[in-house]
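Participant: Provided herewith: start21.cif, mmCIF, C-alpha atoms.
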data_start
#
loop_
_atom_site.label_atom_id
_atom_site.label_comp_id
_atom_site.auth_asym_id
_atom_site.auth_seq_id
_atom_site.Cartn_x
_atom_site.Cartn_y
_atom_site.Cartn_z
CA ASP A 6 14.51 5.08 0.92
CA ALA A 7 12.08 7.96 0.79
CA GLY A 8 11.98 9.84 4.07
CA ILE A 9 8.44 9.47 5.33
CA THR A 10 7.59 9.70 8.99
CA GLN A 11 4.30 9.40 10.82
CA SER A 12 3.33 10.69 14.22
CA PRO A 13 2.27 9.48 16.61
CA ARG A 14 3.19 5.83 16.06
CA HIS A 15 0.67 4.61 18.59
CA LYS A 16 -2.40 6.27 20.02
CA VAL A 17 -5.24 5.21 22.28
CA THR A 18 -8.23 7.51 22.46
CA GLU A 19 -11.86 7.50 23.49
CA THR A 20 -14.96 7.51 21.35
CA GLY A 21 -16.06 11.01 20.41
CA THR A 22 -12.68 12.70 20.74
CA PRO A 23 -10.91 14.37 17.82
CA VAL A 24 -7.67 12.82 16.59
CA THR A 25 -5.07 14.15 14.15
CA LEU A 26 -2.40 12.01 12.55
CA ARG A 27 0.56 13.60 10.84
CA CYS A 28 2.58 12.49 7.84
CA HIS A 29 5.81 14.20 6.89
CA GLN A 30 7.90 13.54 3.76
CA THR A 31 11.26 14.96 2.77
CA GLU A 32 11.25 13.92 -0.91
CA ASN A 33 9.29 16.86 -2.31
CA HIS A 34 6.77 14.39 -3.74
CA ARG A 35 3.66 15.85 -5.30
CA TYR A 36 1.22 13.14 -4.23
CA MET A 37 0.42 11.99 -0.72
CA TYR A 38 -2.03 9.35 0.49
CA TRP A 39 -3.70 8.10 3.64
CA TYR A 40 -4.71 4.44 3.92
CA ARG A 41 -6.14 2.27 6.61
CA GLN A 42 -5.24 -1.38 6.94
CA ASP A 43 -7.64 -3.89 8.44
CA PRO A 44 -7.53 -7.71 8.42
CA GLY A 45 -9.17 -9.12 5.32
CA HIS A 46 -9.38 -5.75 3.60
CA GLY A 47 -5.82 -4.99 2.65
CA LEU A 48 -5.14 -1.28 2.25
CA ARG A 49 -8.04 1.03 1.61
CA LEU A 50 -7.58 4.60 0.47
CA ILE A 51 -9.07 7.25 2.75
CA HIS A 52 -8.00 10.50 1.09
CA TYR A 53 -5.22 11.66 -1.12
CA SER A 54 -3.59 14.90 -2.20
CA TYR A 55 -2.23 15.88 -5.60
CA GLY A 56 -0.74 19.17 -4.46
CA VAL A 57 -0.80 21.79 -1.74
CA LYS A 58 -4.43 22.39 -0.77
CA ASP A 59 -5.60 19.93 -3.44
CA THR A 60 -7.21 16.84 -1.98
CA ASP A 61 -9.76 14.23 -2.98
CA LYS A 62 -11.71 11.41 -1.38
CA GLY A 63 -10.83 7.76 -1.48
CA GLU A 64 -13.06 4.74 -1.03
CA VAL A 65 -13.48 5.02 2.76
CA SER A 66 -13.51 8.77 3.42
CA ASP A 67 -16.58 9.04 5.68
CA GLY A 68 -15.61 10.34 9.12
CA TYR A 69 -12.21 11.58 7.98
CA SER A 70 -10.87 14.90 6.74
CA VAL A 71 -7.43 15.92 5.51
CA SER A 72 -5.37 19.02 5.00
CA ARG A 73 -2.19 19.81 3.15
CA SER A 74 -0.84 23.31 3.71
CA LYS A 75 2.75 22.43 2.77
CA THR A 76 4.22 19.98 0.27
CA GLU A 77 5.86 17.96 3.03
CA ASP A 78 2.94 17.59 5.45
CA PHE A 79 -0.37 15.76 5.11
CA LEU A 80 -2.70 15.64 8.11
CA LEU A 81 -5.52 13.18 8.69
CA THR A 82 -8.23 14.18 11.15
CA LEU A 83 -10.92 12.08 12.74
CA GLU A 84 -13.37 14.72 13.87
CA SER A 85 -15.13 12.43 16.34
CA ALA A 86 -13.45 9.07 16.65
CA THR A 87 -15.54 5.88 16.63
CA SER A 88 -14.59 2.31 17.50
CA SER A 89 -14.87 1.37 13.81
CA GLN A 90 -11.91 3.66 13.15
CA THR A 91 -9.61 1.46 15.21
CA SER A 92 -7.03 0.47 12.63
CA VAL A 93 -3.49 0.87 11.43
CA TYR A 94 -3.06 4.00 9.32
CA PHE A 95 -0.40 4.32 6.66
CA CYS A 96 0.74 7.40 4.83
CA ALA A 97 2.45 7.25 1.45
CA SER A 98 3.97 9.72 -0.97
CA ALA A 99 4.70 9.51 -4.69
CA ASP A 100 6.18 11.50 -7.50
CA TYR A 101 4.19 9.57 -10.10
CA ASN A 102 2.92 6.03 -9.66
CA GLU A 103 5.41 4.36 -7.28
CA GLN A 104 4.38 5.00 -3.72
CA PHE A 105 6.67 5.07 -0.68
CA PHE A 106 5.15 4.21 2.67
CA GLY A 107 5.60 5.44 6.20
CA PRO A 108 5.90 3.09 9.20
CA GLY A 109 2.26 3.35 10.20
CA THR A 110 0.22 4.59 13.16
CA ARG A 111 -1.71 2.13 15.29
CA LEU A 112 -4.89 3.83 16.51
CA THR A 113 -7.18 2.31 19.11
CA VAL A 114 -10.53 3.93 19.83
CA LEU A 115 -12.09 2.73 23.08
CA ALA D 4 -14.81 -1.74 -12.67
CA GLN D 5 -11.07 -1.85 -12.24
CA SER D 6 -10.02 -4.33 -9.58
CA VAL D 7 -7.12 -6.39 -8.26
CA THR D 8 -7.51 -9.96 -7.06
CA GLN D 9 -4.98 -11.94 -5.07
CA LEU D 10 -5.83 -15.62 -4.96
CA GLY D 11 -5.18 -17.12 -1.56
CA SER D 12 -5.12 -15.00 1.56
CA HIS D 13 -2.69 -17.47 3.14
CA VAL D 14 0.02 -19.50 1.42
CA SER D 15 2.41 -21.91 3.13
CA VAL D 16 5.51 -23.34 1.51
CA SER D 17 8.42 -25.34 2.79
CA GLU D 18 11.83 -23.75 3.08
CA GLY D 19 13.62 -24.23 -0.24
CA ALA D 20 10.41 -24.74 -2.21
CA LEU D 21 9.00 -22.56 -4.98
CA VAL D 22 6.99 -19.52 -3.93
CA LEU D 23 4.09 -18.56 -6.20
CA LEU D 24 1.74 -15.72 -5.24
CA ARG D 25 -1.02 -14.92 -7.69
CA CYS D 26 -2.34 -11.54 -8.81
CA ASN D 27 -4.92 -10.78 -11.47
CA TYR D 28 -6.39 -7.45 -12.44
CA SER D 29 -9.30 -6.28 -14.51
CA SER D 30 -8.64 -3.55 -17.03
CA SER D 31 -8.77 -3.13 -20.77
CA VAL D 32 -5.78 -0.80 -20.67
CA PRO D 33 -2.32 -2.15 -19.75
CA PRO D 34 -1.61 -0.77 -16.29
CA TYR D 35 1.49 -0.34 -14.22
CA LEU D 36 1.94 -3.21 -11.76
CA PHE D 37 3.62 -3.48 -8.37
CA TRP D 38 4.37 -5.98 -5.64
CA TYR D 39 4.93 -4.73 -2.11
CA VAL D 40 6.05 -6.69 0.95
CA GLN D 41 5.10 -5.94 4.55
CA TYR D 42 7.02 -7.41 7.46
CA PRO D 43 5.35 -7.49 10.88
CA ASN D 44 4.78 -4.07 12.39
CA GLN D 45 6.34 -2.28 9.44
CA GLY D 46 5.21 -0.28 6.45
CA LEU D 47 5.10 -1.53 2.89
CA GLN D 48 8.30 -1.91 0.90
CA LEU D 49 8.47 -2.12 -2.88
CA LEU D 50 9.59 -5.54 -4.14
CA LEU D 51 9.35 -4.91 -7.87
CA LYS D 52 7.37 -3.08 -10.51
CA TYR D 53 6.40 -3.30 -14.15
CA THR D 54 5.82 -0.15 -16.16
CA THR D 55 6.96 -0.79 -19.73
CA GLY D 56 9.48 -2.95 -21.56
CA ALA D 57 10.49 -6.47 -20.57
CA THR D 58 7.57 -8.39 -19.13
CA LEU D 59 9.73 -10.43 -16.73
CA VAL D 60 10.72 -8.16 -13.89
CA LYS D 61 13.30 -8.94 -11.24
CA GLY D 62 13.09 -7.45 -7.79
CA ILE D 63 14.80 -7.54 -4.45
CA ASN D 64 15.44 -10.64 -2.36
CA GLY D 65 15.37 -12.98 -5.39
CA PHE D 66 11.74 -12.35 -6.33
CA GLU D 67 10.51 -11.89 -9.86
CA ALA D 68 7.17 -11.42 -11.59
CA GLU D 69 5.93 -11.76 -15.14
CA PHE D 70 3.34 -9.51 -16.73
CA LYS D 71 1.03 -11.54 -18.95
CA LYS D 72 -1.31 -9.21 -20.79
CA SER D 73 -3.43 -11.98 -22.30
CA GLU D 74 -4.09 -13.42 -18.84
CA THR D 75 -4.23 -10.01 -17.07
CA SER D 76 -1.88 -11.46 -14.48
CA PHE D 77 1.25 -10.45 -12.60
CA HIS D 78 2.20 -13.45 -10.47
CA LEU D 79 5.12 -13.24 -8.04
CA THR D 80 7.64 -16.09 -7.83
CA LYS D 81 10.81 -17.05 -6.04
CA PRO D 82 12.60 -20.32 -6.86
CA SER D 83 13.63 -21.19 -3.31
CA ALA D 84 11.85 -19.91 -0.20
CA HIS D 85 13.80 -18.68 2.79
CA MET D 86 12.57 -18.26 6.33
CA SER D 87 13.09 -14.51 6.02
CA ASP D 88 10.47 -14.39 3.23
CA ALA D 89 7.67 -14.84 5.75
CA ALA D 90 5.60 -11.67 5.40
CA GLU D 91 2.47 -10.28 3.80
CA TYR D 92 2.58 -9.50 0.11
CA PHE D 93 0.41 -7.01 -1.72
CA CYS D 94 -0.17 -6.68 -5.42
CA ALA D 95 -1.02 -3.15 -6.53
CA VAL D 96 -2.08 -1.72 -9.86
CA TYR D 97 -1.92 1.82 -11.20
CA PHE D 98 -4.81 2.33 -13.58
CA GLY D 99 -3.80 5.88 -14.49
CA ASN D 100 -6.04 7.70 -12.02
CA GLU D 101 -3.39 9.06 -9.60
CA LYS D 102 -4.04 6.13 -7.23
CA LEU D 103 -2.89 2.60 -6.61
CA THR D 104 -5.49 -0.12 -6.23
CA PHE D 105 -4.34 -2.84 -3.84
CA GLY D 106 -5.25 -6.48 -3.58
CA THR D 107 -6.28 -7.78 -0.18
CA GLY D 108 -2.88 -9.33 0.46
CA THR D 109 -1.39 -12.81 0.81
CA ARG D 110 0.26 -13.90 4.01
CA LEU D 111 3.22 -16.15 3.24
CA THR D 112 4.31 -18.69 5.85
CA ILE D 113 7.54 -20.64 5.47
CA ILE D 114 7.63 -24.13 6.97
CA PRO D 115 11.08 -25.17 8.28
#
Could you express the structure from this file as structure tokens?

Facilitator:
Amino acid sequence: DAGITQSPRHKVTETGTPVTLRCHQTENHRYMYWYRQDPGHGLRLIHYSYGVKDTDKGEVSDGYSVSRSKTEDFLLTLESATSSQTSVYFCASADYNEQFFGPGTRLTVL
Amino acid sequence: AQSVTQLGSHVSVSEGALVLLRCNYSSSVPPYLFWYVQYPNQGLQLLLKYTTGATLVKGINGFEAEFKKSETSFHLTKPSAHMSDAAEYFCAVYFGNEKLTFGTGTRLTIIP
């Protein structure tokens, strides 16, 4: 299995606070992705990266930003968390089209 | 627009019965096709994939799927359901744009 870790695994925060989620992969994959999973919506792409410092928006990018300063790390930041951002967040990495997923981060915004 | 549709958000089958989970996509270009499984409180795990070649693809845990270009479908099957198959299943399609497009998922329940 691809080595993908996410931290933290669980987080509870308050509305208006900044939050950063980290994804780390050890496979030297070029592509990395952030998704959110909500009941009835499946997985929705937030942002993705196709190389160091190269990122692009997904279908639900409003309120989120990302950064990738190293191949192995992809950070997702909620600048000012809102209750609508309560969700489970998954990171994935890929060399081409097959994606490997991390274990997820459960974020609750009160 | 390119899209992925999974028919049935919930499917229940008896233990030992056939499992059939449906996936259709919309695209004029043959895509790459994937099925992922998610067990409770875990990430997604690849079950099987179709890229090129034989249209009947075998995956882990006894699952298989057949790519039917004329029907734009990639349905997932397993001849005999086991209790351990209870999970959520996602169909995903690579349309050649650096991203996977996921269906909304099908939750499979196995009845003892």

Participant: Mind checking which residues fall within 6 Å of D:Gln41, counting all atoms listed in the file, ignoring those fewer than 4 positions away in the same chain, and posting them as a PyMOL selection string?

Facilitator: chain D and resi 46-47+90-91

Participant: List, as a PyMOL selection string, every residue that the PyMOL selection byres ((chain A) within 9 of (chain D)) selects in the file provided.

Facilitator: chain A and resi 36+38+44-50+53+55+95+101-109

Participant: Measuring between all atoms listed in the file, which one of D:Pro115, D:Ala89, D:Phe77, D:Arg110 shows the shortest distance to D:Gly11?

Facilitator: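 For D:Gly11, the nearest of the given residues is D:Arg110.
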
Participant: If you count all atoms listed in the file, which residues fall within 6 Å of stretch 19-24 of chain A, apart from same-chain ones fewer than 4 positions away, as a VMD selection string?

Facilitator: chain A and resid 82 to 87 114 to 115

Participant: Which residues, named as in the file, does the PyMOL selection byres ((chain A and resi 93) around 6) pick out? Answer as a PyMOL selection string.

Facilitator: chain A and resi 41-42+92+94+110-111

Participant: Give me the result of the PyMOL selection byres ((chain D and resi 59) around 7) on this file, residue by residue, as a list in words.

Facilitator: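 Selected by the PyMOL selection byres ((chain D and resi 59) around 7) here: Ala57, Thr58, Val60, Lys61, Ala68, Glu69 and Phe70 of chain D.
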
Participant: When distances are computed from all atoms listed in the file, which of D:Pro34, D:Tyr53, D:Thr80, D:Leu24 shows the smallest separation from D:Gly65?

Facilitator: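 Nearest candidate to D:Gly65 out of D:Pro34, D:Tyr53, D:Thr80, D:Leu24: D:Thr80.
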
Participant: For atom CA of A:Gly56 and atom CA of D:Val40, quote the distance in Å rounded to one decimal.

Facilitator: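 Atom-to-atom, atom CA of A:Gly56 and atom CA of D:Val40 are spaced 27.3 Å apart.
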
Participant: Using atom CA of D:Thr75 and atom CA of D:Ser29 as the two end points, give the distance in Å to one decimal.

Facilitator: 6.8 Å

Participant: As an exercise, work out the distance from atom CA of D:Thr8 to atom CA of A:Tyr69 in Å and give it to one decimal place.

Facilitator: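 Straight-line distance from atom CA of D:Thr8 to atom CA of A:Tyr69 works out to 26.7 Å.
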
Participant: Would you mind completing stretch 35-46 of chain A to all heavy atoms and writing the output as a short mmCIF file (atom, residue, chain, number, x, y, z; two decimals), in the frame of the given file?

Facilitator:
data_model
loop_
_atom_site.label_atom_id
_atom_site.label_comp_id
_atom_site.auth_asym_id
_atom_site.auth_seq_id
_atom_site.Cartn_x
_atom_site.Cartn_y
_atom_site.Cartn_z
N ARG A 35 4.90 15.12 -5.04
CA ARG A 35 3.66 15.85 -5.30
C ARG A 35 2.45 15.19 -4.62
O ARG A 35 1.58 15.86 -4.09
CB ARG A 35 3.42 15.95 -6.81
CG ARG A 35 2.11 16.61 -7.17
CD ARG A 35 1.86 16.60 -8.66
NE ARG A 35 0.54 17.15 -8.97
CZ ARG A 35 -0.02 17.10 -10.18
NH1 ARG A 35 0.62 16.54 -11.19
NH2 ARG A 35 -1.22 17.61 -10.37
N TYR A 36 2.40 13.86 -4.70
CA TYR A 36 1.22 13.14 -4.23
C TYR A 36 1.44 12.59 -2.83
O TYR A 36 2.52 12.10 -2.49
CB TYR A 36 0.90 11.97 -5.17
CG TYR A 36 0.57 12.36 -6.58
CD1 TYR A 36 1.56 12.36 -7.56
CD2 TYR A 36 -0.72 12.72 -6.93
CE1 TYR A 36 1.25 12.72 -8.87
CE2 TYR A 36 -1.03 13.08 -8.24
CZ TYR A 36 -0.03 13.08 -9.20
OH TYR A 36 -0.34 13.43 -10.49
N MET A 37 0.39 12.63 -2.03
CA MET A 37 0.42 11.99 -0.72
C MET A 37 -0.92 11.30 -0.47
O MET A 37 -1.96 11.74 -0.99
CB MET A 37 0.72 13.01 0.39
CG MET A 37 2.12 13.61 0.27
SD MET A 37 2.59 14.66 1.66
CE MET A 37 2.94 13.44 2.93
N TYR A 38 -0.87 10.22 0.32
CA TYR A 38 -2.03 9.35 0.49
C TYR A 38 -2.17 8.93 1.95
O TYR A 38 -1.18 8.75 2.64
CB TYR A 38 -1.87 8.08 -0.36
CG TYR A 38 -1.61 8.34 -1.82
CD1 TYR A 38 -0.33 8.61 -2.28
CD2 TYR A 38 -2.65 8.30 -2.75
CE1 TYR A 38 -0.09 8.84 -3.63
CE2 TYR A 38 -2.42 8.53 -4.09
CZ TYR A 38 -1.13 8.80 -4.53
OH TYR A 38 -0.91 9.04 -5.86
N TRP A 39 -3.42 8.73 2.36
CA TRP A 39 -3.70 8.10 3.64
C TRP A 39 -4.51 6.83 3.39
O TRP A 39 -5.52 6.85 2.68
CB TRP A 39 -4.51 9.02 4.55
CG TRP A 39 -3.68 9.99 5.33
CD1 TRP A 39 -3.58 11.33 5.15
CD2 TRP A 39 -2.84 9.68 6.46
NE1 TRP A 39 -2.72 11.88 6.07
CE2 TRP A 39 -2.26 10.89 6.89
CE3 TRP A 39 -2.52 8.50 7.14
CZ2 TRP A 39 -1.39 10.96 7.97
CZ3 TRP A 39 -1.66 8.57 8.21
CH2 TRP A 39 -1.10 9.78 8.62
N TYR A 40 -4.04 5.72 4.00
CA TYR A 40 -4.71 4.44 3.92
C TYR A 40 -5.01 3.94 5.33
O TYR A 40 -4.35 4.30 6.28
CB TYR A 40 -3.82 3.38 3.26
CG TYR A 40 -3.44 3.62 1.83
CD1 TYR A 40 -2.28 4.33 1.51
CD2 TYR A 40 -4.21 3.10 0.80
CE1 TYR A 40 -1.92 4.52 0.18
CE2 TYR A 40 -3.85 3.29 -0.52
CZ TYR A 40 -2.70 4.00 -0.82
OH TYR A 40 -2.35 4.17 -2.13
N ARG A 41 -5.97 3.06 5.40
CA ARG A 41 -6.14 2.27 6.61
C ARG A 41 -6.01 0.79 6.24
O ARG A 41 -6.39 0.38 5.12
CB ARG A 41 -7.49 2.54 7.30
CG ARG A 41 -8.72 2.26 6.51
CD ARG A 41 -9.98 2.53 7.34
NE ARG A 41 -10.15 1.54 8.41
CZ ARG A 41 -11.07 1.62 9.37
NH1 ARG A 41 -11.91 2.64 9.41
NH2 ARG A 41 -11.16 0.68 10.30
N GLN A 42 -5.43 0.03 7.18
CA GLN A 42 -5.24 -1.38 6.94
C GLN A 42 -5.98 -2.17 7.99
O GLN A 42 -5.74 -2.00 9.20
CB GLN A 42 -3.74 -1.76 6.97
CG GLN A 42 -3.49 -3.22 6.66
CD GLN A 42 -2.03 -3.58 6.61
OE1 GLN A 42 -1.19 -2.95 7.26
NE2 GLN A 42 -1.69 -4.60 5.83
N ASP A 43 -6.85 -3.06 7.56
CA ASP A 43 -7.64 -3.89 8.44
C ASP A 43 -7.58 -5.33 7.93
O ASP A 43 -7.55 -5.56 6.72
CB ASP A 43 -9.10 -3.42 8.48
CG ASP A 43 -9.23 -1.97 8.87
OD1 ASP A 43 -9.01 -1.68 10.06
OD2 ASP A 43 -9.52 -1.12 8.00
N PRO A 44 -7.59 -6.29 8.84
CA PRO A 44 -7.53 -7.71 8.42
C PRO A 44 -8.62 -8.05 7.42
O PRO A 44 -9.78 -7.70 7.61
CB PRO A 44 -7.73 -8.45 9.74
CG PRO A 44 -7.26 -7.51 10.79
CD PRO A 44 -7.62 -6.14 10.30
N GLY A 45 -8.22 -8.71 6.33
CA GLY A 45 -9.17 -9.12 5.32
C GLY A 45 -9.53 -8.07 4.30
O GLY A 45 -10.22 -8.36 3.32
N HIS A 46 -9.05 -6.84 4.52
CA HIS A 46 -9.38 -5.75 3.60
C HIS A 46 -8.17 -5.17 2.88
O HIS A 46 -8.31 -4.36 1.99
CB HIS A 46 -10.10 -4.62 4.34
CG HIS A 46 -11.45 -4.99 4.85
ND1 HIS A 46 -12.58 -4.93 4.05
CD2 HIS A 46 -11.86 -5.43 6.05
CE1 HIS A 46 -13.63 -5.33 4.77
NE2 HIS A 46 -13.22 -5.63 5.97
#
